[in-house]
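First comes the structure, then the notes that go with it.
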Amino acid sequence: MEHILKGINLNKTFGTKDRNIQALKDVDFYIDEGELLGIAGESGSGKSTLLNVMSGLIRPDSGELFYREQEYTGKGPSQTGKFLQMIFQDAKNSFDPRFTMERSLLESRRKKTDRDALCGILKEVGLDEKLLKRKASELSGGQCQRMSIARALYSEADILLCDEITSALDVSSQAQVVGILKRLNTERKLTAVFVSHDIALLSMLCSRIMVMKDGIEVEQGVVEDIVRRPKHEYTKLLIESARKQSL
Amino acid sequence: MKKRLLTLMMTAVLALSAVACTSAGTGNETVTDGTETTEAAETSGDATQETVEIDEGNSGSSDKILRTAASFAYASLDVHKEYYGWYTSIYGVSETLFKMDENMNAVPLLAEDAVADGSVWTITLKDGVAFSNGNPLTADMAVRNLQRLAEVNERFAYLADFEMTAVDDKTFTVDTGDVYPTLRNELASPEFGMMDLDATTDFDNDPICTGPFVISKFQPEGDVEVVRNENYWGGDVNLAGAVFYYMQEDDPKLLAMQSGEIDCYNSVSSAALAVYEQEPDKYNVVSIPGARLQFYILNENTLDDAVREAINLTVDKDKIAEYLSGTVSPAVGPFNTNAAYGKVTVPAVDTAKAKEILEADGYMLNADGFYEKDGEKLTINIKYYAARSLDTIAILIQEQLKEVGIDSVLGVEEDPDATYIATGDFDLALYCMIADKAGDPLYFIESTLMDGAYYDCGGFDDAHCEELIGELKYETDTVKRAELANEIIQIAIDDNAFGYVGLFNSTTVLRPGVSGFAETIPFDFYGIDADTTIE
Amino acid sequence: MKKRISRKKAVKIKLVIMAALALSVVFLTLFAGVIAKNDPYQTCATSIRTAPCVDYPFGTDNLGRCIFARVLYGGRTTIAATFALVFISFAIGTVIGMVCGYYGGLIDRLLMRLADITLGFPQMVVAIAVAGILGGGIKSAMIALGITMWVSFARLARSHTFSIRSAAFVQTARFAGKNDAYIIMVHVFPNLLAPVLTNALTQIGTTMIGLSGLSFLGLGVIPPAAEWGAMISEARAYIQIAPWAVIYPSVATIITIIIFNYLGDVIMDYREVR
Amino acid sequence: MIRNILKKIAEIVLILVILSFFVFLLLYIAPGDPAEKRLTSQGVAITKQVLDAERERLGLLKPFLVRYGEWLLSVIRGDFGISFKDDMPVAPKLYKGLLNTFFLAFTSLSVSLTVSFILGVSSALRKDSMLDHAVRIYSFIANSLPNFLISVLLMYFFCIKLNIFPVIASGDIQGLVMPVLCLSIPMTGRFIRQIRTEVLNQMNEDYVMGMKCRGVKKHYIALNIIRNSLGHIFTIVAIQIGTLMGGSVVIEAIFRWPGIGKLVMDSISARDYPVIMGFVLIMGTIYIVVNTLSDMLDKILDPRIEKE
Amino acid sequence: MSETILKIQDISLTYEECPVVTNLSLDVKRGELLCIVGESGSGKSTLLRAVCGDESVQVTEGSIIYEACDIVGMKGAERQKLKGTRIGYIQQNPYGAFNPLRTIEAQFRETLKSHGKTFRRTDLREIFGILELNNSDEILRSRPYELSGGMNQRIAIAASFILRPELLLCDEITSALDVTTAAAVMEELLKLKSENGTTIVIVTHNIGQASNIADRIAIMYQGKIVEFGESEKVLMQPEHEYTKKLLRDVPRL
């Protein structure tokens with residue numbers, strides 16, 4: 001069965017002056033079309049590095065990456081941008097402070113401007129067209145994040161890579177953004193990878209979850225198995241601690 | 001734990017302030033010590049006299065010590081080298097065989113007389129002349145001094161070609177090969193100062209000379225102190241000692257004079273002069289035309305005769321002298337008018353005639369009031385260097401030419417000899433040099449008028465003039481020499497090759513009761529001597 | 001929110017006043033020809049060192065030239081030279097800073113090492129050496145100061161480029177397939193313009209001090225051109241008999257420097273409050 | 001650890017060589033030369049042969065690279081050569097000049113550092129008090145005064161009008177006050193501003209809030225703040241050393257202080273290459289030594305700082 | 001659980017010249033664990049800072065009664081005595097409790113000396129034990145920047161408990177920590193609370209966390225308390241619209 005995106009024993013080490021940190025150790029992953037993959041893990045677990053390697057922002061030390069069975073290891077964001085888009089945690093900073101929303105969005109499309117496609121997308125993410133004239137500083141965090149999603153869709157990317165995009169938002173905005181992603185997934189078969197430290201959030205949003213610790217993939221499986229019947233010690237501790245901090 | 005932090009802080013603040021006070025305290029020694037220890041002044045072997053500790057009482061002038069300021073301070077006191085002799089002479093340490101007096105004549109000092117018979121000069125020394133360490137000055141020592149000068153000083157290398165023999169204890173002869181009329185004047189140059197070559201061990205810091213004073217404290221390129229030479233051959237010495245503060249800038253000299261820290265100094269600036277003239281009772285000023293000439297060279301290759309004549313008729317020397325308020329006297333020729341060889345005539349300033357000449361030569365006034373000839377504006381390229389008020393003179397000449405309708409452009413060079421003098425890239429080149437080196441016109445004429453001379457860079461060339469210069473070289477009779485010199489200079493003036501602007505005044509300011517600081521002698525290399533007194 | 005707005009308003013008012021003052025100084029010197037009746041280069045033997053009077057509002061110097069005219073014309077030289085120097089250093093420094101900040105690696109280390117040396121070396125001595133060697137004139141003085149001035153701009157531009165380069169919107173632009181040149185011109189440069197320009201303003205004061213210092217040592221402007229530092233240096237010798245010849249150019253220098261320094265500070269506050 | 005010290009030293013030597021080559025080239029292309037400067041110092045006219053003989057003696061006729069090579073070799077052997085101005089050895093001249101400038105610079109530095117430290121810290125701790133406003137106004141004006149202006153005005157008032165201080169700075173305390181004052185005023189202006197901002201930054205750090213809520217006594221907190229801002233203050237001082245040495249050139253010229261600044265000023269006009277080159281090397285080394293020292297001190301005082 | 005240890009009566013606060021809290025009342029019972037839940041900008045932190053006497057927060061009206069006297073007006077030594085020994089405070093930033101450049105021991109001694117107490121290793125070892133900080137000697141010698149976030153927050157808690165405060169205010173102390181560390185730190189805090197009987201007020205944006213540990217919960221929204229009561233009541237029958245929306249939007253496990 002052909003996975004839309006696949007990675008085989010990816011390794012990455014960051015060398016600082018006095019000691020080297022092994023961020024990724026022989027990590028494999030795969031995503032199927034229309035699937036919403038969650039990657040859970042604490043800070044330093046390598047979940048963000050994995051996402052950056054997937055997106056081409058960081059070059060892996062070893063291992064291969066495939067998009068629809070075509071290898072794209074080592075390719076930079078300008079190539080990978082053809083089939084995937086990345087959304088970042090800092091919503092306001094994802095837009096050039098001096099640009100209007102419209103100019104930022106138009107900048108991200110490689111083909112010529114398509115006005116009505118743009119308006120259609122805006123409706124889907126529940127944003128008013130008038131906001132296009134505004135600058136990032138005039139929008140709320142939630143609005144900015146939804147605008148980023150609109151930008152990714154407008155650039156006709158197949159896959160969306162989200163790096164802790166709701167961690168900085170308040171609870172209601174977070175719920176809104178998650179709702180939109182869920183709807184896009186069910187209605188438009190949107191494929192996405194969602195990285196977060198909040199396993200409760202992942203359990204509501206994703207179909208499959210990967211748990212990472214110290215650069216290693218500790219466990220991977222359907223949400224049901226991970227939450228109800230965790231196999232690995234660390235996953236149990238993670239679920240247990242999360243349960244203590246949620247309703 | 002807390003205590004350690006507190007002490008750390010306290011020590012940091014205290015240390016900083018403590019260092020400030022102690023270093024200020026010990027500073028006293030470091031500055032002067034640093035300079036003294038490296039000098040061998042005190043420790044030189046056979047300096048017989050012990051150092052007299054001079055109290056630098058600040059209140060008014062102590063009766064016997066003279067304090068003055070010097071514009072230059074060299075790193076060595078070796079009389080024969082470079083221009084160090086000038087300053088050992090000013091310090092009253094070194095003396096020469098002959099001395100220049102007010103009327104530019106070389107009068108006897110260490111020598112009795114010098115007589116020329118053809119190309120052989122016979123020089124006899126005075127009796128009783130001796131060095132500060134008591135050794136008498138013999139003819140042989142004098143000859144050896146001249147030979148050392150030829151060896152160590154490029155400018156006097158020509159002495160090596162002369163045959164010098166000591167006839168007896170008091171007389172020696174110098175055979176110059178062919179007639180050499182100016183030897184007597186040259187012997188008066190400070191570089192010819194006599195040193196006891198056998199007794200002096202450290203020529204740079206402690207030369208043994210014949211002068212009325214000896215060095216007591218010497219900081220190279222710094223302040224110098226001298227004390228009376230107890231066994232001076234020339235009799236009593238009025239002053240007990242003197243201090244020469246090294247001050248390059250004019251303005252600290254003025255301030256020091258006003259605050260009473262110095263008693264007199266020479267080469268007074270025009271600003272200081274204006275201040276002193278306001279309080280005649282506190283300062284008396286003596287100003288006499290000096291030997292340093294400010295003049296300009298007109299480039300005959302780029303300016304035709306009419307333009308040069310017009311320029312010389314426009315530049316108003318009296319007005320320029322007025323601007324420089326008393327530090328410069330308007331010049332006629334290159335030499336002092338009361339010198340025999342200074343009798344030349346220069347046409348008076350006449351701007352109307354200047355315009356006539358220009359218009360006769362085809363120049364017309366254009367729209368913005370400047371002369372131009374067949375479309376090309378006449379622009380004089382004035383080149384100068386920013387020293388000895390040449391910058392002020394350049395501005396004033398530019399201004400005066402503008403009034404007549406001649407446009408000009410100012411160009412400053414940091415170093416004239418390597419630029420416009422060497423390349424001739426100028427229309428009007430300002431320069432300042434000593435014209436009357438030792439009471440004889442030959443040196444200046446040879447440097448500026450003779451064909452191929454370093455400063456004849458304005459294309460001046462006149463066959464008759466060359467002939468006269470040839471004659472002057474060998475003419476021994478002084479009256480005849482003066483006539484020849486006047487004739488030569490007159491040719492240059494009539495040809496409008498040069499413009500003699502002014503003679504720097506040798507201006508000295510003295511506190512009442514101070515006298516004998518060579519204020520009446522127009523040469524820069526005299527200072528204190530046995531007769532200098534301070535009431 | 002009430003007090004916060006008032007602080008913002010207060011800064012705005014200060015900004016307007018200082019900008020007006022700065023502009024008035026610039027206009028005063030620009031229209032020197034109109035304001036000053038006398039010609040600054042006109043020497044006049046009869047009125048050497050005259051005290052301030054009707055026809056010579058600031059008195060005359062030791063060549064009889066009107067100091068009022070010379071202060072205005074001098075201002076023009078000083079301010080024009082300062083602005084030109086600051087602008088050139090700004091341009092060079094920003095370009096180098098951006099290149100270093102964006103690409104990093106060997107160029108960055110090399111250029112920053114060079115910056116350290118020029119910054120460390122005593123600016124005045126470098127200025128004297130260059131001005132002394134290249135001969136006088138305002139151009140060589142500007143080169144002399146320029147050698148060490150571009151460094152502060154380069155460092156500031158470099159640090160801002162670092163932060164912009166890692167910003168999310170730059171990564172997104174990369175995903176949109178934009179090349180380095182586009183990113184630098186469209187995203188990096190416009191966003192670092194404001195902070196670097198503010199720094200340029202604060203440099204004006206120090207540059208003026210540098211330039212007048214050089215003229216004071218005789219290495220700046222060639223006589224007879226008027227420039228505050230040179231005027232003070234010339235008149236210093238006559239301070240006792242013609243103190244006005246020193247006082248007026250000094251006051252002009254101090255006031256202008258204070259105005260531009262304070263303008264720099266106010267703009268910095270304004271950008272913080274905004 | 002030793003490896004990167006060696007690397008640093010190699011880097012320093014390389015910089016100095018490049019620097020000296022650049023300055024040598026600058027001197028070579030400059031108009032005028034020492035021989036003719038020397039001969040015309042008293043305004044007596046020179047002749048062609050005398051000039052050429054002198055140039056020959058000073059070795060000015062050799063090609064550029066040969067002269068630079070010779071100079072470099074002699075410096076490596078520790079011999080700074082003889083001055084073109086008066087044939088005296090260069091090393092003692094530079095040493096004496098350096099000693100005097102260092103003494104003047106060090107006194108002014110310690111005076112202004114002490115004053116600025118006390119004023120800067122107290123004005124920051126009592127923000128927006130009367131003292132704070134006064135200190136800020138002073139430092140603003142002091143920052144806008146060129147030091148040559150201060151020296152002219154101070155000299156006029158103190159030396160002439162009030163006749164308190166002597167014009168001739170003869171090295172004793174009295175002669176020292178004026179030059180130190182002229183150097184310190186602009187420097188205190190800069191120091192106070194920087195120290196005050198640094199202390200204010202420290203006061204906004206979270207740990208100050210933490211300590212206050214634990215009821216830690218006020219002056220303990222103040223000591224903590226000062227201790228943390230010390231690191232930065234030493235870097236400010238290191239940068240100032242360069243400008244201080246430069247600034248003192250003007251002051252030395254005016255107060256006739258026999259420092260290295262004045263010596264260099266004279267040697268530039270006399271085109272005295274060996275002295276200028278010696279000066280370049282010394283200033284280069286001083287700068288680099290001071291810089292490495294301040295980096296090390298930085299590391300000790302605030303180990304967190306990772307040098308990128 | 002009956003006696004009120006702290007009474008805040010319709011208090012209005014301004015921070016950096018803008019009003020943040022407007023006439024809010026709240027009372028804290030002795031020995032209870034009260035959670036104040038609110039989003040960023042709701043004024044919960046400013047309220048806490050006002051109680052622990054941070055000068056940058058201006059109390060424009062209302063009073064804070066502690067031990068029968070209004071501590072708002074109190075100044076100088078008297079107020080300083082209360083800080084730490086009676087009312088403790090822990091910040092969100094784990095590195096915010098201590099001066100990063102000085103050893104932990106030096107700062108413990110400094111805090112104790114400010115209250116005239118002497119530093120004894122034995123008291124500390126006991127508290128460290130509960131907080132799972134077993135190599136106490138090594139910790140005391142090291143500097144805060146050398147230790148992890150979790151470790152620093154535990155040491156901050158120890159620093160508060162060593163002064164035996166009656167009332168401990170915690171401002172989002174776990175939101176900067178990883179999930180597992182947060183859970184462990186919270187457990188250790190509850191252990192210390194039960195052992196010392198300290199009243200604890202915890203401010204958090206995560207209602208899930210509050211639901212597990214709080215006796216009573218107060219919901220804050222735009223500077224006002226919109227819901228206040230026993231945790232079961234607030235969670236099961238929320239009255240205010242905002243609380244309902246909050247409970248709906250929070251992800252459940």
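In the structure tokens, chains take letters A, B, ... by order of appearance, with residues numbered from 1 within each chain and ligands from 1 in the order shown.
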Enumerate the residues of range 7-250 of chain E with a DSSP assignment of strand (DSSP E or B), computed from the backbone, and present them as a PyMOL selection string. chain E and resi 7-15+18-29+33-38+57-66+69-70+87-90+167-171+199-204+216-221+224-230
Any idea what's packed within 12 Å of Glu195 in chain E, counting only C-alpha atoms, ignoring anything in its chain fewer than 5 positions away? Could you give it as a VMD selection string? chain E and resid 31 126 to 127 130 161 164 188 to 190
Pull all heavy atoms from the residues just selected and write them as a PDB file, in the first residue's frame.
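Dumped to result_11.pdb:
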```pdb
ATOM      1  N   GLY E  31      -5.987  26.040  55.276  1.00  0.00           N
ATOM      2  CA  GLY E  31      -5.717  24.612  55.016  1.00  0.00           C
ATOM      3  C   GLY E  31      -6.276  24.120  53.684  1.00  0.00           C
ATOM      4  O   GLY E  31      -5.976  23.008  53.269  1.00  0.00           O
ATOM      5  N   GLU E 126      15.247  17.152  54.927  1.00  0.00           N
ATOM      6  CA  GLU E 126      13.916  16.522  55.058  1.00  0.00           C
ATOM      7  C   GLU E 126      13.009  16.981  53.904  1.00  0.00           C
ATOM      8  O   GLU E 126      12.440  16.156  53.182  1.00  0.00           O
ATOM      9  CB  GLU E 126      13.330  16.958  56.416  1.00  0.00           C
ATOM     10  CG  GLU E 126      12.128  16.149  56.861  1.00  0.00           C
ATOM     11  CD  GLU E 126      11.075  17.106  57.448  1.00  0.00           C
ATOM     12  OE1 GLU E 126      11.487  18.196  57.896  1.00  0.00           O
ATOM     13  OE2 GLU E 126       9.882  16.797  57.363  1.00  0.00           O
ATOM     14  N   ILE E 127      12.980  18.303  53.667  1.00  0.00           N
ATOM     15  CA  ILE E 127      12.118  18.820  52.578  1.00  0.00           C
ATOM     16  C   ILE E 127      12.609  18.274  51.235  1.00  0.00           C
ATOM     17  O   ILE E 127      11.844  17.808  50.388  1.00  0.00           O
ATOM     18  CB  ILE E 127      12.157  20.373  52.574  1.00  0.00           C
ATOM     19  CG1 ILE E 127      11.636  20.914  53.913  1.00  0.00           C
ATOM     20  CG2 ILE E 127      11.347  20.922  51.420  1.00  0.00           C
ATOM     21  CD1 ILE E 127      11.727  22.414  54.046  1.00  0.00           C
ATOM     22  N   ILE E 130      11.298  14.813  50.393  1.00  0.00           N
ATOM     23  CA  ILE E 130       9.921  14.733  49.856  1.00  0.00           C
ATOM     24  C   ILE E 130       9.936  15.118  48.382  1.00  0.00           C
ATOM     25  O   ILE E 130       9.214  14.559  47.549  1.00  0.00           O
ATOM     26  CB  ILE E 130       8.996  15.691  50.656  1.00  0.00           C
ATOM     27  CG1 ILE E 130       8.939  15.203  52.120  1.00  0.00           C
ATOM     28  CG2 ILE E 130       7.610  15.765  50.052  1.00  0.00           C
ATOM     29  CD1 ILE E 130       8.233  16.149  53.055  1.00  0.00           C
ATOM     30  N   PHE E 161       9.040  26.427  51.436  1.00  0.00           N
ATOM     31  CA  PHE E 161       8.585  25.632  52.590  1.00  0.00           C
ATOM     32  C   PHE E 161       9.524  25.765  53.780  1.00  0.00           C
ATOM     33  O   PHE E 161       9.130  25.671  54.923  1.00  0.00           O
ATOM     34  CB  PHE E 161       8.405  24.155  52.192  1.00  0.00           C
ATOM     35  CG  PHE E 161       7.014  23.891  51.661  1.00  0.00           C
ATOM     36  CD1 PHE E 161       6.761  23.928  50.299  1.00  0.00           C
ATOM     37  CD2 PHE E 161       5.967  23.691  52.542  1.00  0.00           C
ATOM     38  CE1 PHE E 161       5.473  23.734  49.825  1.00  0.00           C
ATOM     39  CE2 PHE E 161       4.667  23.489  52.063  1.00  0.00           C
ATOM     40  CZ  PHE E 161       4.415  23.516  50.697  1.00  0.00           C
ATOM     41  N   ARG E 164       8.389  27.945  56.276  1.00  0.00           N
ATOM     42  CA  ARG E 164       7.129  27.526  56.924  1.00  0.00           C
ATOM     43  C   ARG E 164       6.032  28.579  56.733  1.00  0.00           C
ATOM     44  O   ARG E 164       5.509  29.129  57.718  1.00  0.00           O
ATOM     45  CB  ARG E 164       7.336  27.314  58.444  1.00  0.00           C
ATOM     46  CG  ARG E 164       8.405  26.333  58.878  1.00  0.00           C
ATOM     47  CD  ARG E 164       7.802  24.986  59.360  1.00  0.00           C
ATOM     48  NE  ARG E 164       8.867  23.977  59.641  1.00  0.00           N
ATOM     49  CZ  ARG E 164       9.501  23.310  58.675  1.00  0.00           C
ATOM     50  NH1 ARG E 164       9.219  23.543  57.402  1.00  0.00           N
ATOM     51  NH2 ARG E 164      10.437  22.429  58.964  1.00  0.00           N
ATOM     52  N   GLU E 188       4.309  16.100  44.688  1.00  0.00           N
ATOM     53  CA  GLU E 188       5.223  16.391  45.818  1.00  0.00           C
ATOM     54  C   GLU E 188       4.732  17.616  46.591  1.00  0.00           C
ATOM     55  O   GLU E 188       4.765  17.672  47.810  1.00  0.00           O
ATOM     56  CB  GLU E 188       6.654  16.616  45.286  1.00  0.00           C
ATOM     57  CG  GLU E 188       7.348  15.335  44.829  1.00  0.00           C
ATOM     58  CD  GLU E 188       8.235  15.574  43.588  1.00  0.00           C
ATOM     59  OE1 GLU E 188       8.589  16.758  43.378  1.00  0.00           O
ATOM     60  OE2 GLU E 188       8.507  14.613  42.837  1.00  0.00           O
ATOM     61  N   LEU E 189       4.182  18.582  45.834  1.00  0.00           N
ATOM     62  CA  LEU E 189       3.683  19.805  46.500  1.00  0.00           C
ATOM     63  C   LEU E 189       2.542  19.449  47.445  1.00  0.00           C
ATOM     64  O   LEU E 189       2.500  19.868  48.607  1.00  0.00           O
ATOM     65  CB  LEU E 189       3.206  20.807  45.426  1.00  0.00           C
ATOM     66  CG  LEU E 189       2.669  22.158  45.969  1.00  0.00           C
ATOM     67  CD1 LEU E 189       3.818  22.976  46.562  1.00  0.00           C
ATOM     68  CD2 LEU E 189       1.960  22.933  44.871  1.00  0.00           C
ATOM     69  N   LEU E 190       1.639  18.554  46.943  1.00  0.00           N
ATOM     70  CA  LEU E 190       0.487  18.172  47.791  1.00  0.00           C
ATOM     71  C   LEU E 190       0.964  17.437  49.054  1.00  0.00           C
ATOM     72  O   LEU E 190       0.467  17.662  50.150  1.00  0.00           O
ATOM     73  CB  LEU E 190      -0.483  17.294  46.973  1.00  0.00           C
ATOM     74  CG  LEU E 190      -1.123  18.019  45.763  1.00  0.00           C
ATOM     75  CD1 LEU E 190      -2.068  17.085  45.004  1.00  0.00           C
ATOM     76  CD2 LEU E 190      -1.873  19.267  46.246  1.00  0.00           C
TER      77      LEU E 190
END
```
Within 7 Å of chain B, which residues belong to chain D? Use only C-alpha atoms and report them as a PyMOL selection string. chain D and resi 31-32+43-45+47-48+50+86+96+100+107+110-111+114+160+163+167+171-173
For range 214-227 of chain A, list every protein, DNA or RNA residue within 8 Å, evaluated using only C-alpha atoms, and leave out those in the same chain fewer than 3 positions away; present the list as a PyMOL selection string. (chain A and resi 22-28+44-47+203+206-211+230-232+234-235+239) or (chain E and resi 253)
Applying 8 Å and only C-alpha atoms, which residues near Ser123 in chain D remain after dropping the ones on its own chain fewer than 5 positions away? List them as a list in words. Asp128, Ser129, Leu131, Asp132, Val135 and Arg196 of chain D
Output of the above residues as a JSON list (two decimals), in the first residue's frame, restricted to N, CA and C atoms:
```json
[["chain", "number", "residue", "atom", "x", "y", "z"],
["D", 128, "ASP", "N", 13.99, 57.46, 38.63],
["D", 128, "ASP", "CA", 13.07, 58.62, 38.55],
["D", 128, "ASP", "C", 13.12, 59.47, 39.80],
["D", 129, "SER", "N", 14.19, 59.37, 40.61],
["D", 129, "SER", "CA", 14.29, 60.31, 41.75],
["D", 129, "SER", "C", 15.01, 61.57, 41.25],
["D", 131, "LEU", "N", 17.95, 62.56, 42.02],
["D", 131, "LEU", "CA", 19.33, 62.15, 41.65],
["D", 131, "LEU", "C", 19.34, 61.56, 40.24],
["D", 132, "ASP", "N", 18.35, 60.71, 39.97],
["D", 132, "ASP", "CA", 18.32, 60.04, 38.66],
["D", 132, "ASP", "C", 18.24, 61.08, 37.54],
["D", 135, "VAL", "N", 21.53, 63.03, 37.23],
["D", 135, "VAL", "CA", 22.60, 62.21, 36.63],
["D", 135, "VAL", "C", 22.35, 62.03, 35.13],
["D", 196, "ARG", "N", 23.92, 52.45, 34.00],
["D", 196, "ARG", "CA", 22.53, 52.63, 34.47],
["D", 196, "ARG", "C", 21.61, 51.68, 33.71]]
```
Fewer than 6 positions away in the same chain doesn't count, so skip those; otherwise give me all residues within 10 Å of Ile92 in chain C, counting only C-alpha atoms, as a ChimeraX atom specification. /C:146,149-151,153-154
Exercise: Thr182 in chain B partners within 12 Å, only C-alpha atoms, chain neighbours under 6 positions left out, as an NGL selection string: :B and (105-106 or 114-116 or 119 or 121 or 176 or 188-189 or 437-443 or 472-478 or 481)
Identify, on the basis of only C-alpha atoms, every residue whose closest approach to range 188-203 of chain C does not exceed 6 Å; exclude the query and any residue fewer than 2 positions from it along the same chain; express the result as a PyMOL selection string. chain C and resi 184-185+205-206+261+264
Selection to disk with all heavy atoms, as a short mmCIF file (atom, residue, chain, number, x, y, z; two decimals), in the first residue's frame:
```
data_model
loop_
_atom_site.label_atom_id
_atom_site.label_comp_id
_atom_site.auth_asym_id
_atom_site.auth_seq_id
_atom_site.Cartn_x
_atom_site.Cartn_y
_atom_site.Cartn_z
N ILE C 184 16.02 38.27 1.13
CA ILE C 184 16.78 39.39 1.73
C ILE C 184 16.11 40.71 1.36
O ILE C 184 15.82 41.55 2.23
CB ILE C 184 18.24 39.37 1.23
CG1 ILE C 184 18.98 38.16 1.83
CG2 ILE C 184 18.95 40.67 1.58
CD1 ILE C 184 20.45 38.09 1.46
N MET C 185 15.78 40.87 0.08
CA MET C 185 15.28 42.19 -0.34
C MET C 185 13.86 42.43 0.19
O MET C 185 13.53 43.52 0.64
CB MET C 185 15.26 42.28 -1.89
CG MET C 185 16.64 42.51 -2.49
SD MET C 185 17.70 43.52 -1.44
CE MET C 185 16.87 45.09 -1.52
N GLY C 205 25.47 62.59 16.33
CA GLY C 205 26.17 63.37 17.36
C GLY C 205 27.64 62.99 17.43
O GLY C 205 28.53 63.85 17.30
N THR C 206 27.91 61.70 17.54
CA THR C 206 29.32 61.28 17.71
C THR C 206 30.13 61.63 16.46
O THR C 206 31.29 62.01 16.54
CB THR C 206 29.37 59.75 17.93
OG1 THR C 206 28.16 59.18 17.49
CG2 THR C 206 29.61 59.40 19.37
N ASN C 261 21.52 64.28 19.32
CA ASN C 261 21.58 63.15 20.27
C ASN C 261 20.21 62.93 20.91
O ASN C 261 19.72 61.80 21.00
CB ASN C 261 22.61 63.46 21.37
CG ASN C 261 24.00 63.03 20.90
OD1 ASN C 261 24.12 62.40 19.84
ND2 ASN C 261 25.02 63.38 21.65
N GLY C 264 17.75 61.35 18.65
CA GLY C 264 17.99 59.89 18.57
C GLY C 264 17.31 59.18 19.73
O GLY C 264 16.58 58.20 19.56
#
```
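Going from CA of Ala394 in chain B over to CA of Thr43 in chain C, you cover 12.0 Å.
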Within 8 Å of chain C, which residues belong to chain A? Use only C-alpha atoms and report them as a ChimeraX atom specification. /A:77-82,85-86,88,90,93-96,98,107-110,155
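With the cut-off set to 12 Å and only C-alpha atoms counted, chain E residues close to chain C are Thr14, Tyr15, Glu16, Glu17, Cys18, Pro19 and Val20 of chain E.
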Give me, as a VMD selection string, the residues of chain B touching chain C, with the criterion being at most 10 Å (counting only C-alpha atoms). chain B and resid 249 to 252 254 to 255 269 to 272 274 to 275 278 319 to 320 322 to 325 386 391 to 392 394 to 396 399 to 400 410 to 415
Suppose we keep C-alpha atoms; can you now write the selection as a CSV table (one decimal), in the first residue's frame?
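Okay, result.csv is ready:
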```csv
chain,number,residue,atom,x,y,z
B,249,GLU,CA,52.0,75.4,20.5
B,250,ASP,CA,52.1,79.2,20.7
B,251,ASP,CA,49.1,79.3,22.9
B,252,PRO,CA,50.5,77.5,26.0
B,254,LEU,CA,51.1,82.9,26.1
B,255,LEU,CA,49.2,81.3,29.0
B,269,SER,CA,52.6,84.7,17.7
B,270,SER,CA,50.5,87.6,16.4
B,271,ALA,CA,47.7,86.7,18.8
B,272,ALA,CA,50.0,86.8,21.8
B,274,ALA,CA,48.1,91.7,20.6
B,275,VAL,CA,47.6,90.6,24.2
B,278,GLN,CA,47.6,95.8,25.8
B,319,LYS,CA,48.2,95.2,3.9
B,320,ILE,CA,49.3,91.5,4.4
B,322,GLU,CA,48.9,94.6,8.7
B,323,TYR,CA,46.8,91.5,8.9
B,324,LEU,CA,49.6,89.5,10.5
B,325,SER,CA,49.6,92.4,13.0
B,386,ALA,CA,49.9,75.4,6.5
B,391,ASP,CA,47.8,79.8,4.9
B,392,THR,CA,46.8,83.3,6.0
B,394,ALA,CA,47.4,82.5,0.6
B,395,ILE,CA,43.8,83.6,1.7
B,396,LEU,CA,44.8,87.2,1.5
B,399,GLU,CA,41.2,87.9,-1.9
B,400,GLN,CA,43.4,90.7,-3.4
B,410,LEU,CA,43.9,77.4,-3.2
B,411,GLY,CA,45.7,74.1,-2.8
B,412,VAL,CA,47.3,73.0,0.4
B,413,GLU,CA,50.1,70.4,0.6
B,414,GLU,CA,51.2,68.7,3.7
B,415,ASP,CA,54.8,68.7,2.5
```
